[in-house]
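J.: Enclosed is the structure file query.tsv (TSV, C-alpha atoms).
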```
chain	number	residue	atom	x	y	z
A	77	MET	CA	2.00	91.79	2.89
A	78	THR	CA	4.52	94.66	2.96
A	79	SER	CA	5.76	93.90	6.47
A	80	LYS	CA	5.25	90.13	6.10
A	81	ALA	CA	3.98	90.08	9.68
A	82	LEU	CA	1.45	87.47	10.80
A	83	THR	CA	-1.59	88.53	12.79
A	84	LEU	CA	-3.34	85.84	14.82
A	85	ARG	CA	-7.07	85.89	14.04
A	86	LYS	CA	-8.38	82.67	15.51
A	87	VAL	CA	-7.16	79.78	17.66
A	88	LYS	CA	-9.02	76.50	17.83
A	89	GLU	CA	-10.19	75.82	21.35
A	90	ILE	CA	-9.79	72.32	22.80
A	91	PRO	CA	-12.47	71.81	25.50
A	92	SER	CA	-10.30	69.39	27.47
A	93	GLY	CA	-7.41	71.85	27.46
A	94	TYR	CA	-4.26	71.98	25.38
A	95	ASP	CA	-0.81	73.43	25.99
A	96	LYS	CA	1.21	73.34	22.79
A	97	THR	CA	4.47	73.78	24.69
A	98	GLN	CA	4.04	70.26	26.11
A	99	TYR	CA	4.30	68.44	22.76
A	100	TYR	CA	7.14	67.94	20.34
A	101	THR	CA	7.14	66.94	16.68
A	102	GLU	CA	9.88	65.42	14.52
A	103	ARG	CA	10.37	64.53	10.86
A	104	LEU	CA	12.49	61.41	10.42
A	105	MET	CA	13.72	59.58	7.34
A	106	ALA	CA	13.64	55.78	7.62
A	107	PRO	CA	15.71	53.64	5.24
A	108	ALA	CA	13.62	51.09	3.32
A	109	ARG	CA	15.10	47.73	2.37
A	110	ASP	CA	15.76	48.92	-1.20
A	111	GLY	CA	17.66	52.00	-0.01
A	112	VAL	CA	14.87	54.55	-0.43
A	113	ALA	CA	14.39	57.01	2.46
A	114	VAL	CA	10.78	57.00	3.73
A	115	PRO	CA	9.51	60.08	5.61
A	116	VAL	CA	8.06	59.62	9.08
A	117	SER	CA	6.15	62.29	11.02
A	118	ILE	CA	6.09	61.73	14.77
A	119	VAL	CA	4.66	63.63	17.73
A	120	TYR	CA	4.87	62.92	21.44
A	121	LYS	CA	4.51	64.65	24.78
A	122	LYS	CA	7.66	66.16	26.20
A	123	GLY	CA	9.33	63.69	28.51
A	124	PHE	CA	8.83	60.81	26.10
A	125	LYS	CA	11.74	58.44	26.71
A	126	LYS	CA	13.57	57.17	23.66
A	127	ASP	CA	14.64	54.02	25.47
A	128	ALA	CA	12.07	51.66	23.92
A	129	SER	CA	9.97	51.75	27.09
A	130	GLN	CA	6.91	53.57	25.71
A	131	PRO	CA	4.37	52.60	23.04
A	132	VAL	CA	3.98	53.94	19.50
A	133	TYR	CA	0.79	54.29	17.46
A	134	LEU	CA	1.73	54.08	13.77
A	135	TYR	CA	-0.64	55.16	11.00
A	136	GLY	CA	-0.38	54.59	7.25
A	137	TYR	CA	-2.32	54.87	3.99
A	138	GLY	CA	-0.20	54.82	0.82
A	139	ALA	CA	-2.46	54.76	-2.23
A	140	TYR	CA	-4.17	56.86	-4.93
A	141	ALA	CA	-1.48	59.57	-4.72
A	142	TYR	CA	-3.15	60.73	-1.51
A	143	GLY	CA	-0.50	62.24	0.73
A	144	MET	CA	-0.92	62.09	4.50
A	145	GLU	CA	-0.32	65.69	5.55
A	146	PRO	CA	0.72	66.06	9.20
A	147	SER	CA	-1.93	68.21	10.85
A	148	PHE	CA	-3.22	68.97	14.32
A	149	SER	CA	-5.64	66.33	15.62
A	150	PRO	CA	-7.19	66.81	19.07
A	151	ASN	CA	-8.23	63.15	19.13
A	152	ILE	CA	-4.70	61.84	19.45
A	153	LEU	CA	-4.03	63.93	22.56
A	154	SER	CA	-5.65	61.14	24.59
A	155	LEU	CA	-2.92	58.80	23.32
A	156	LEU	CA	-0.06	61.26	23.72
A	157	ASP	CA	-1.11	62.08	27.29
A	158	ARG	CA	-1.02	58.36	28.09
A	159	GLY	CA	2.57	57.99	26.96
A	160	PHE	CA	2.23	57.13	23.29
A	161	ALA	CA	4.13	58.61	20.40
A	162	PHE	CA	1.93	59.00	17.33
A	163	ALA	CA	3.63	58.48	13.97
A	164	ILE	CA	2.63	58.60	10.31
A	165	ALA	CA	4.60	56.46	7.87
A	166	HIS	CA	4.54	58.33	4.53
A	167	VAL	CA	4.91	55.15	2.50
A	168	ARG	CA	5.07	54.91	-1.27
A	169	GLY	CA	1.68	55.01	-2.94
A	170	GLY	CA	0.94	58.50	-1.65
A	171	ASP	CA	2.43	61.60	-3.25
A	172	GLU	CA	4.37	63.07	-0.33
A	173	MET	CA	7.65	62.92	-2.25
A	174	GLY	CA	6.20	63.69	-5.68
A	175	PHE	CA	4.18	61.85	-8.31
A	176	GLN	CA	6.84	59.17	-8.77
A	177	TRP	CA	6.35	58.30	-5.09
A	178	TYR	CA	2.79	57.35	-6.01
A	179	LEU	CA	3.81	55.38	-9.10
A	180	ASP	CA	6.33	53.43	-7.04
A	181	GLY	CA	3.52	52.10	-4.84
A	182	LYS	CA	0.92	50.97	-7.40
A	183	LEU	CA	0.35	48.11	-9.84
A	184	THR	CA	3.47	45.88	-9.96
A	185	LYS	CA	5.21	48.03	-7.32
A	186	ARG	CA	2.49	47.68	-4.70
A	187	GLN	CA	4.70	45.60	-2.43
A	188	ASN	CA	6.86	48.69	-1.84
A	189	THR	CA	4.01	50.20	0.18
A	190	PHE	CA	3.88	47.26	2.57
A	191	ASN	CA	7.66	46.92	2.83
A	192	ASP	CA	8.00	50.64	3.57
A	193	PHE	CA	5.59	50.42	6.51
A	194	VAL	CA	7.36	47.44	8.05
A	195	ASP	CA	10.75	49.09	7.49
A	196	VAL	CA	9.55	52.29	9.20
A	197	ALA	CA	8.52	50.21	12.21
A	198	GLN	CA	11.91	48.46	12.23
A	199	PHE	CA	13.62	51.86	12.07
A	200	LEU	CA	11.66	53.16	15.07
A	201	ILE	CA	12.66	50.01	16.96
A	202	GLU	CA	16.33	50.39	16.01
A	203	GLN	CA	16.29	54.06	17.06
A	204	HIS	CA	14.81	53.05	20.45
A	205	TYR	CA	11.55	54.93	20.06
A	206	VAL	CA	9.72	51.71	20.81
A	207	ALA	CA	10.27	48.01	21.44
A	208	LYS	CA	9.34	45.23	19.06
A	209	GLY	CA	5.77	44.14	19.73
A	210	ASN	CA	4.78	47.43	21.37
A	211	ILE	CA	3.54	49.20	18.23
A	212	SER	CA	-0.17	49.56	17.57
A	213	ILE	CA	-1.04	50.26	13.95
A	214	SER	CA	-4.01	51.65	12.09
A	215	GLY	CA	-5.20	52.32	8.55
A	216	ARG	CA	-8.47	52.82	6.69
A	217	SER	CA	-9.70	51.63	3.29
A	218	ALA	CA	-6.56	51.15	1.15
A	219	GLY	CA	-4.77	51.79	4.45
A	220	GLY	CA	-6.75	48.86	5.82
A	221	GLU	CA	-5.35	46.78	2.98
A	222	LEU	CA	-1.93	47.96	4.16
A	223	MET	CA	-2.76	46.79	7.68
A	224	GLY	CA	-3.83	43.36	6.44
A	225	ALA	CA	-0.67	42.98	4.38
A	226	VAL	CA	1.74	43.99	7.14
A	227	VAL	CA	0.03	41.89	9.81
A	228	ASN	CA	0.50	38.91	7.51
A	229	GLN	CA	4.08	39.92	6.77
A	230	ALA	CA	5.30	40.72	10.28
A	231	PRO	CA	2.69	39.92	12.98
A	232	GLU	CA	5.33	39.84	15.70
A	233	LEU	CA	5.92	43.61	15.43
A	234	TRP	CA	2.44	44.74	16.43
A	235	ARG	CA	0.67	45.04	19.78
A	236	SER	CA	-2.70	45.69	18.15
A	237	VAL	CA	-4.10	46.38	14.68
A	238	LYS	CA	-7.09	48.47	13.65
A	239	LEU	CA	-8.36	47.77	10.14
A	240	GLY	CA	-10.91	50.42	9.19
A	241	VAL	CA	-13.23	49.54	6.27
A	242	PRO	CA	-10.29	47.49	4.98
A	243	PHE	CA	-9.77	46.58	1.32
A	244	VAL	CA	-8.51	43.11	2.26
A	245	ASP	CA	-10.17	40.89	-0.36
A	246	VAL	CA	-8.30	42.49	-3.26
A	247	LEU	CA	-8.12	39.55	-5.64
A	248	ASN	CA	-11.76	38.51	-5.44
A	249	THR	CA	-12.96	42.10	-5.76
A	250	MET	CA	-10.77	42.80	-8.78
A	251	LEU	CA	-12.08	39.59	-10.38
A	252	ASP	CA	-15.71	40.72	-10.05
A	253	ALA	CA	-16.42	43.09	-12.95
A	254	SER	CA	-20.07	43.35	-11.87
A	255	LEU	CA	-19.10	45.52	-8.90
A	256	PRO	CA	-19.48	49.14	-10.05
A	257	LEU	CA	-16.15	50.30	-8.66
A	258	THR	CA	-14.06	47.37	-9.90
A	259	PRO	CA	-13.40	48.34	-13.56
A	260	PRO	CA	-12.18	51.86	-12.66
A	261	GLU	CA	-9.85	50.30	-10.10
A	262	TRP	CA	-7.99	48.09	-12.59
A	263	SER	CA	-5.72	51.03	-13.45
A	264	GLU	CA	-4.70	51.16	-9.79
A	265	TRP	CA	-4.23	47.48	-8.97
A	266	GLY	CA	-4.16	45.66	-12.31
A	267	ASN	CA	-6.75	43.55	-14.12
A	268	PRO	CA	-6.50	39.91	-12.99
A	269	ILE	CA	-9.23	38.89	-15.42
A	270	LYS	CA	-7.16	39.69	-18.49
A	271	SER	CA	-3.63	39.40	-17.11
A	272	LYS	CA	-2.19	36.27	-15.52
A	273	ALA	CA	0.74	38.35	-14.24
A	274	SER	CA	-1.67	40.73	-12.50
A	275	PHE	CA	-3.58	37.78	-11.04
A	276	GLU	CA	-0.42	36.24	-9.59
A	277	TYR	CA	0.93	39.54	-8.27
A	278	ILE	CA	-2.30	40.57	-6.56
A	279	LYS	CA	-2.63	37.08	-5.10
A	280	SER	CA	0.88	37.37	-3.65
A	281	TYR	CA	-0.12	40.25	-1.36
A	282	SER	CA	-3.94	40.23	-1.13
A	283	PRO	CA	-4.44	40.09	2.68
A	284	TYR	CA	-7.38	37.66	2.66
A	285	ASP	CA	-5.55	35.22	0.40
A	286	ASN	CA	-2.43	35.21	2.57
A	287	ILE	CA	-3.89	34.44	5.99
A	288	GLU	CA	-1.85	31.64	7.57
A	289	ALA	CA	-2.13	29.32	10.55
A	290	LYS	CA	0.01	31.38	12.93
A	291	ALA	CA	-0.33	33.79	15.84
A	292	TYR	CA	-1.76	37.22	15.08
A	293	PRO	CA	-1.99	40.28	17.36
A	294	PRO	CA	-5.34	41.61	18.66
A	295	MET	CA	-7.40	43.20	15.89
A	296	LEU	CA	-10.36	45.53	15.56
A	297	VAL	CA	-12.00	45.26	12.13
A	298	THR	CA	-14.66	47.76	11.09
A	299	GLY	CA	-17.03	48.10	8.15
A	300	GLY	CA	-20.20	49.84	7.01
A	301	ILE	CA	-23.22	48.00	5.66
A	302	ASN	CA	-23.83	50.74	3.07
A	303	ASP	CA	-20.21	51.13	1.99
A	304	PRO	CA	-19.94	51.28	-1.83
A	305	ARG	CA	-16.13	51.54	-1.82
A	306	VAL	CA	-15.23	48.57	0.39
A	307	THR	CA	-18.18	46.24	0.58
A	308	TYR	CA	-19.10	45.01	4.05
A	309	TRP	CA	-18.27	41.39	3.21
A	310	GLU	CA	-14.57	42.17	2.89
A	311	PRO	CA	-14.03	42.83	6.63
A	312	ALA	CA	-16.54	40.06	7.39
A	313	LYS	CA	-14.68	37.49	5.25
A	314	TRP	CA	-11.34	38.61	6.69
A	315	THR	CA	-12.61	38.17	10.25
A	316	ALA	CA	-14.23	34.80	9.57
A	317	LYS	CA	-11.15	33.34	7.89
A	318	LEU	CA	-8.86	34.63	10.62
A	319	ARG	CA	-11.03	33.12	13.34
A	320	ALA	CA	-10.93	29.78	11.55
A	321	THR	CA	-7.20	29.84	10.82
A	322	LYS	CA	-5.13	31.76	13.40
A	323	THR	CA	-3.49	29.87	16.23
A	324	ASP	CA	-3.68	32.48	19.02
A	325	ASN	CA	-6.42	33.45	21.47
A	326	ASN	CA	-5.99	37.20	21.04
A	327	LEU	CA	-9.02	39.43	20.81
A	328	LEU	CA	-10.50	39.74	17.30
A	329	VAL	CA	-13.43	42.14	17.19
A	330	MET	CA	-15.52	42.99	14.14
A	331	ARG	CA	-17.79	46.05	14.14
A	332	ILE	CA	-20.10	46.42	11.13
A	333	ASN	CA	-22.01	49.67	11.38
A	334	MET	CA	-25.55	49.04	10.17
A	335	GLY	CA	-26.20	52.71	9.42
A	336	ALA	CA	-22.95	53.92	7.88
A	337	GLY	CA	-21.05	53.80	4.62
A	338	HIS	CA	-17.34	54.24	4.03
A	339	PHE	CA	-16.90	56.90	6.66
A	340	ALA	CA	-18.00	57.47	10.23
A	341	ASN	CA	-21.39	56.95	11.74
A	342	THR	CA	-23.81	59.85	11.29
A	343	GLY	CA	-24.46	62.44	13.97
A	344	ARG	CA	-22.51	65.27	15.51
A	345	TYR	CA	-20.64	63.14	18.01
A	346	ALA	CA	-20.66	59.80	16.19
A	347	GLN	CA	-17.10	60.08	14.88
A	348	LEU	CA	-15.86	60.92	18.37
A	349	LYS	CA	-17.64	57.88	19.78
A	350	ASP	CA	-16.13	55.67	17.08
A	351	SER	CA	-12.65	57.04	17.81
A	352	ALA	CA	-13.13	56.56	21.55
A	353	GLU	CA	-14.10	52.93	21.02
A	354	GLU	CA	-11.12	52.33	18.74
A	355	TYR	CA	-8.67	53.98	21.13
A	356	ALA	CA	-10.16	51.99	24.02
A	357	PHE	CA	-9.34	48.82	22.08
A	358	THR	CA	-5.75	50.00	21.59
A	359	LEU	CA	-5.34	50.98	25.25
A	360	LEU	CA	-6.72	47.60	26.33
A	361	ALA	CA	-4.11	45.85	24.18
A	362	HIS	CA	-1.39	47.83	25.96
A	363	GLY	CA	-2.81	47.18	29.40
A	364	ILE	CA	-3.64	50.85	29.97
A	365	LYS	CA	-6.82	51.14	31.99
A	366	GLU	CA	-7.03	54.86	32.77
```
Any chance you could give the structure as structure tokens?

T.:
Amino acid sequence: MTSKALTLRKVKEIPSGYDKTQYYTERLMAPARDGVAVPVSIVYKKGFKKDASQPVYLYGYGAYAYGMEPSFSPNILSLLDRGFAFAIAHVRGGDEMGFQWYLDGKLTKRQNTFNDFVDVAQFLIEQHYVAKGNISISGRSAGGELMGAVVNQAPELWRSVKLGVPFVDVLNTMLDASLPLTPPEWSEWGNPIKSKASFEYIKSYSPYDNIEAKAYPPMLVTGGINDPRVTYWEPAKWTAKLRATKTDNNLLVMRINMGAGHFANTGRYAQLKDSAEEYAFTLLAHGIKE
């Protein structure tokens, strides 16, 4: 502590190999439509061309004051080495910019979360990191709700969408007080049983209730049969209604894990297998076969 010198004690080993000098990270600030600056964390392999010729994988969450801290993830190396930039949109609803950042993405301000994500994508397009329609997006749980909302709002922006255990049937779930997790959630989303204003506002963005007869990008929708947080019928209902309503022939895959809950399959390598399957779906959407 006296010298303030750091001594390296341990370095995580990546079995496939990793050279940190080959990757570059940036912190950007994207202007939202209401003038607020939204942080964006982005990483890519050196040599990435900012001429809109390469793909971007954009991740978001934005709820419960849960900030998405940028951290090292060996899984995304398979995307970076194939020419992707990986970005996190730190949208309102998390707490990355303080507690008010969370408050500005909940209850009657929930739409800010969705607008922020779309505006981050538009910013990356304007700055020539990527071209319109060449962005694959992903989110889990409340982040899956985010994915459902933004694919309804701006389907033309996305090359593929992964909705992990997605909270897409918001209105119906918040109307069912018999579900054990619904009453505690009213403070987050509003109580549509007692408040007409809450009912109308949730209905305005609830992904399931806003599916339209139009073209949607390819989607991978996942769920867990034992999930107590997002019940399995939410991704199932979302998938069924989309198949009956959308006008395109793009791939729409639903994977309900019959032995999992809200998180990954059990077993030492199960999460890696899930990630590999999900990345394979993304690569297929971009026409990358190796």

J.: So that I can check the surroundings of region 273-285 of chain A, please list as a short mmCIF file (atom, residue, chain, number, x, y, z; two decimals) with C-alpha atoms, in the coordinates of the input every protein, DNA and RNA residue that reaches within 10 Å of it, counting all atoms listed in the file and ignoring chain neighbours fewer than 2 positions away.

T.:
```cif
data_model
loop_
_atom_site.label_atom_id
_atom_site.label_comp_id
_atom_site.auth_asym_id
_atom_site.auth_seq_id
_atom_site.Cartn_x
_atom_site.Cartn_y
_atom_site.Cartn_z
CA LEU A 183 0.35 48.11 -9.84
CA THR A 184 3.47 45.88 -9.96
CA LYS A 185 5.21 48.03 -7.32
CA ARG A 186 2.49 47.68 -4.70
CA GLN A 187 4.70 45.60 -2.43
CA PHE A 190 3.88 47.26 2.57
CA GLY A 220 -6.75 48.86 5.82
CA GLU A 221 -5.35 46.78 2.98
CA LEU A 222 -1.93 47.96 4.16
CA MET A 223 -2.76 46.79 7.68
CA GLY A 224 -3.83 43.36 6.44
CA ALA A 225 -0.67 42.98 4.38
CA VAL A 226 1.74 43.99 7.14
CA VAL A 227 0.03 41.89 9.81
CA ASN A 228 0.50 38.91 7.51
CA GLN A 229 4.08 39.92 6.77
CA PRO A 242 -10.29 47.49 4.98
CA PHE A 243 -9.77 46.58 1.32
CA VAL A 244 -8.51 43.11 2.26
CA ASP A 245 -10.17 40.89 -0.36
CA VAL A 246 -8.30 42.49 -3.26
CA LEU A 247 -8.12 39.55 -5.64
CA ASN A 248 -11.76 38.51 -5.44
CA MET A 250 -10.77 42.80 -8.78
CA LEU A 251 -12.08 39.59 -10.38
CA TRP A 262 -7.99 48.09 -12.59
CA TRP A 265 -4.23 47.48 -8.97
CA GLY A 266 -4.16 45.66 -12.31
CA ASN A 267 -6.75 43.55 -14.12
CA PRO A 268 -6.50 39.91 -12.99
CA ILE A 269 -9.23 38.89 -15.42
CA LYS A 270 -7.16 39.69 -18.49
CA SER A 271 -3.63 39.40 -17.11
CA ILE A 287 -3.89 34.44 5.99
CA GLU A 288 -1.85 31.64 7.57
CA GLU A 310 -14.57 42.17 2.89
CA PRO A 311 -14.03 42.83 6.63
CA LYS A 313 -14.68 37.49 5.25
CA TRP A 314 -11.34 38.61 6.69
CA THR A 315 -12.61 38.17 10.25
CA LYS A 317 -11.15 33.34 7.89
CA LEU A 318 -8.86 34.63 10.62
#
```

J.: From the set A:Ile164, A:Leu153, A:Leu179, A:Ala207, which residue has the shortest atom-to-atom contact distance to Ser117 (chain A), counting only C-alpha atoms?

T.: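 Using only C-alpha atoms, the shortest distance to Ser117 (chain A) belongs to A:Ile164.
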
J.: First collect every listed atom of region 126-139 of chain A; then fit an axis-aligned box around them, widen it by 6 Å on each side, and give centre and edge lengths in Å to one decimal, as lines of an AutoDock Vina configuration file.

T.:
```
center_x = 6.1
center_y = 54.4
center_z = 12.4
size_x = 29.1
size_y = 17.5
size_z = 41.3
```

J.: With distances taken over all atoms listed in the file, which residue among A:Pro146, A:Gly343, A:Arg109, A:Ala161 lies nearest Val196 (chain A)?

T.: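 Between A:Pro146, A:Gly343, A:Arg109, A:Ala161, the residue approaching Val196 (chain A) most closely is A:Arg109.
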
J.: When you count all atoms listed in the file, which of these residues is closest to Ala361 (chain A): A:Lys322, A:Lys272, A:Arg216, A:Arg235?

T.: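 Among the listed residues, the smallest separation from Ala361 (chain A) belongs to A:Arg235.
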
J.: In file coordinates, which residues lie within 12 Å of (-8.1, 65.4, 18.5) using all atoms listed in the file, given as a short mmCIF file (atom, residue, chain, number, x, y, z; two decimals) with C-alpha atoms, keeping the file's coordinate frame?

T.:
```
data_model
loop_
_atom_site.label_atom_id
_atom_site.label_comp_id
_atom_site.auth_asym_id
_atom_site.auth_seq_id
_atom_site.Cartn_x
_atom_site.Cartn_y
_atom_site.Cartn_z
CA LYS A 88 -9.02 76.50 17.83
CA GLU A 89 -10.19 75.82 21.35
CA ILE A 90 -9.79 72.32 22.80
CA PRO A 91 -12.47 71.81 25.50
CA SER A 92 -10.30 69.39 27.47
CA GLY A 93 -7.41 71.85 27.46
CA TYR A 94 -4.26 71.98 25.38
CA SER A 147 -1.93 68.21 10.85
CA PHE A 148 -3.22 68.97 14.32
CA SER A 149 -5.64 66.33 15.62
CA PRO A 150 -7.19 66.81 19.07
CA ASN A 151 -8.23 63.15 19.13
CA ILE A 152 -4.70 61.84 19.45
CA LEU A 153 -4.03 63.93 22.56
CA SER A 154 -5.65 61.14 24.59
CA LEU A 155 -2.92 58.80 23.32
CA LEU A 156 -0.06 61.26 23.72
CA ASP A 157 -1.11 62.08 27.29
CA PHE A 162 1.93 59.00 17.33
CA GLN A 347 -17.10 60.08 14.88
CA LEU A 348 -15.86 60.92 18.37
CA SER A 351 -12.65 57.04 17.81
CA ALA A 352 -13.13 56.56 21.55
CA TYR A 355 -8.67 53.98 21.13
#
```

J.: From the set A:Ala128, A:Ala165, A:Met77, A:Leu84, which residue has the shortest atom-to-atom contact distance to Met105 (chain A), counting all atoms listed in the file?

T.: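 Result for the nearest residue to Met105 (chain A): A:Ala165.
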
J.: Suppose you want the space between CA of Gly123 (chain A) and CA of Lys208 (chain A); what is it in Å?

T.: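 Answer for the CA of Gly123 (chain A) to CA of Lys208 (chain A) separation: 20.7 Å.
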
J.: What is the distance, in Å and to one decimal place, between CA of Asn286 (chain A) and CA of Asp180 (chain A)?

T.: 22.4 Å

J.: Between CA of Tyr135 (chain A) and CA of Ser214 (chain A), what distance in Å does the model show, to one decimal?

T.: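 Here the two named atoms are 5.0 Å from each other.
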
J.: Considering all atoms listed in the file, state which residue in the set A:Ser217, A:Thr101, A:Gln203, A:Thr321 is at the smallest distance from Val241 (chain A).

T.: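 For Val241 (chain A), the nearest of the given residues is A:Ser217.
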
J.: As a PyMOL selection string, please: the residues near Ala230 (chain A) (cut-off 10 Å, all atoms listed in the file, same-chain neighbours under 5 positions excluded).

T.: chain A and resi 191+194+225+292

J.: Excluding Gly299 (chain A) and residues on its chain fewer than 3 positions from it, collect all residues at most 9 Å away from it, counting all atoms listed in the file, and give them as JSON, numbers by chain.

T.: {"A": [239, 240, 241, 242, 302, 303, 306, 307, 308, 309, 310, 311, 312, 330, 331, 332, 333, 334, 336, 337, 338, 339]}

J.: What's the 8 Å shell around Ala197 (chain A), counting only C-alpha atoms, without same-chain residues fewer than 3 positions away, as a ChimeraX atom specification?

T.: /A:134,193-194,200-201,211,233
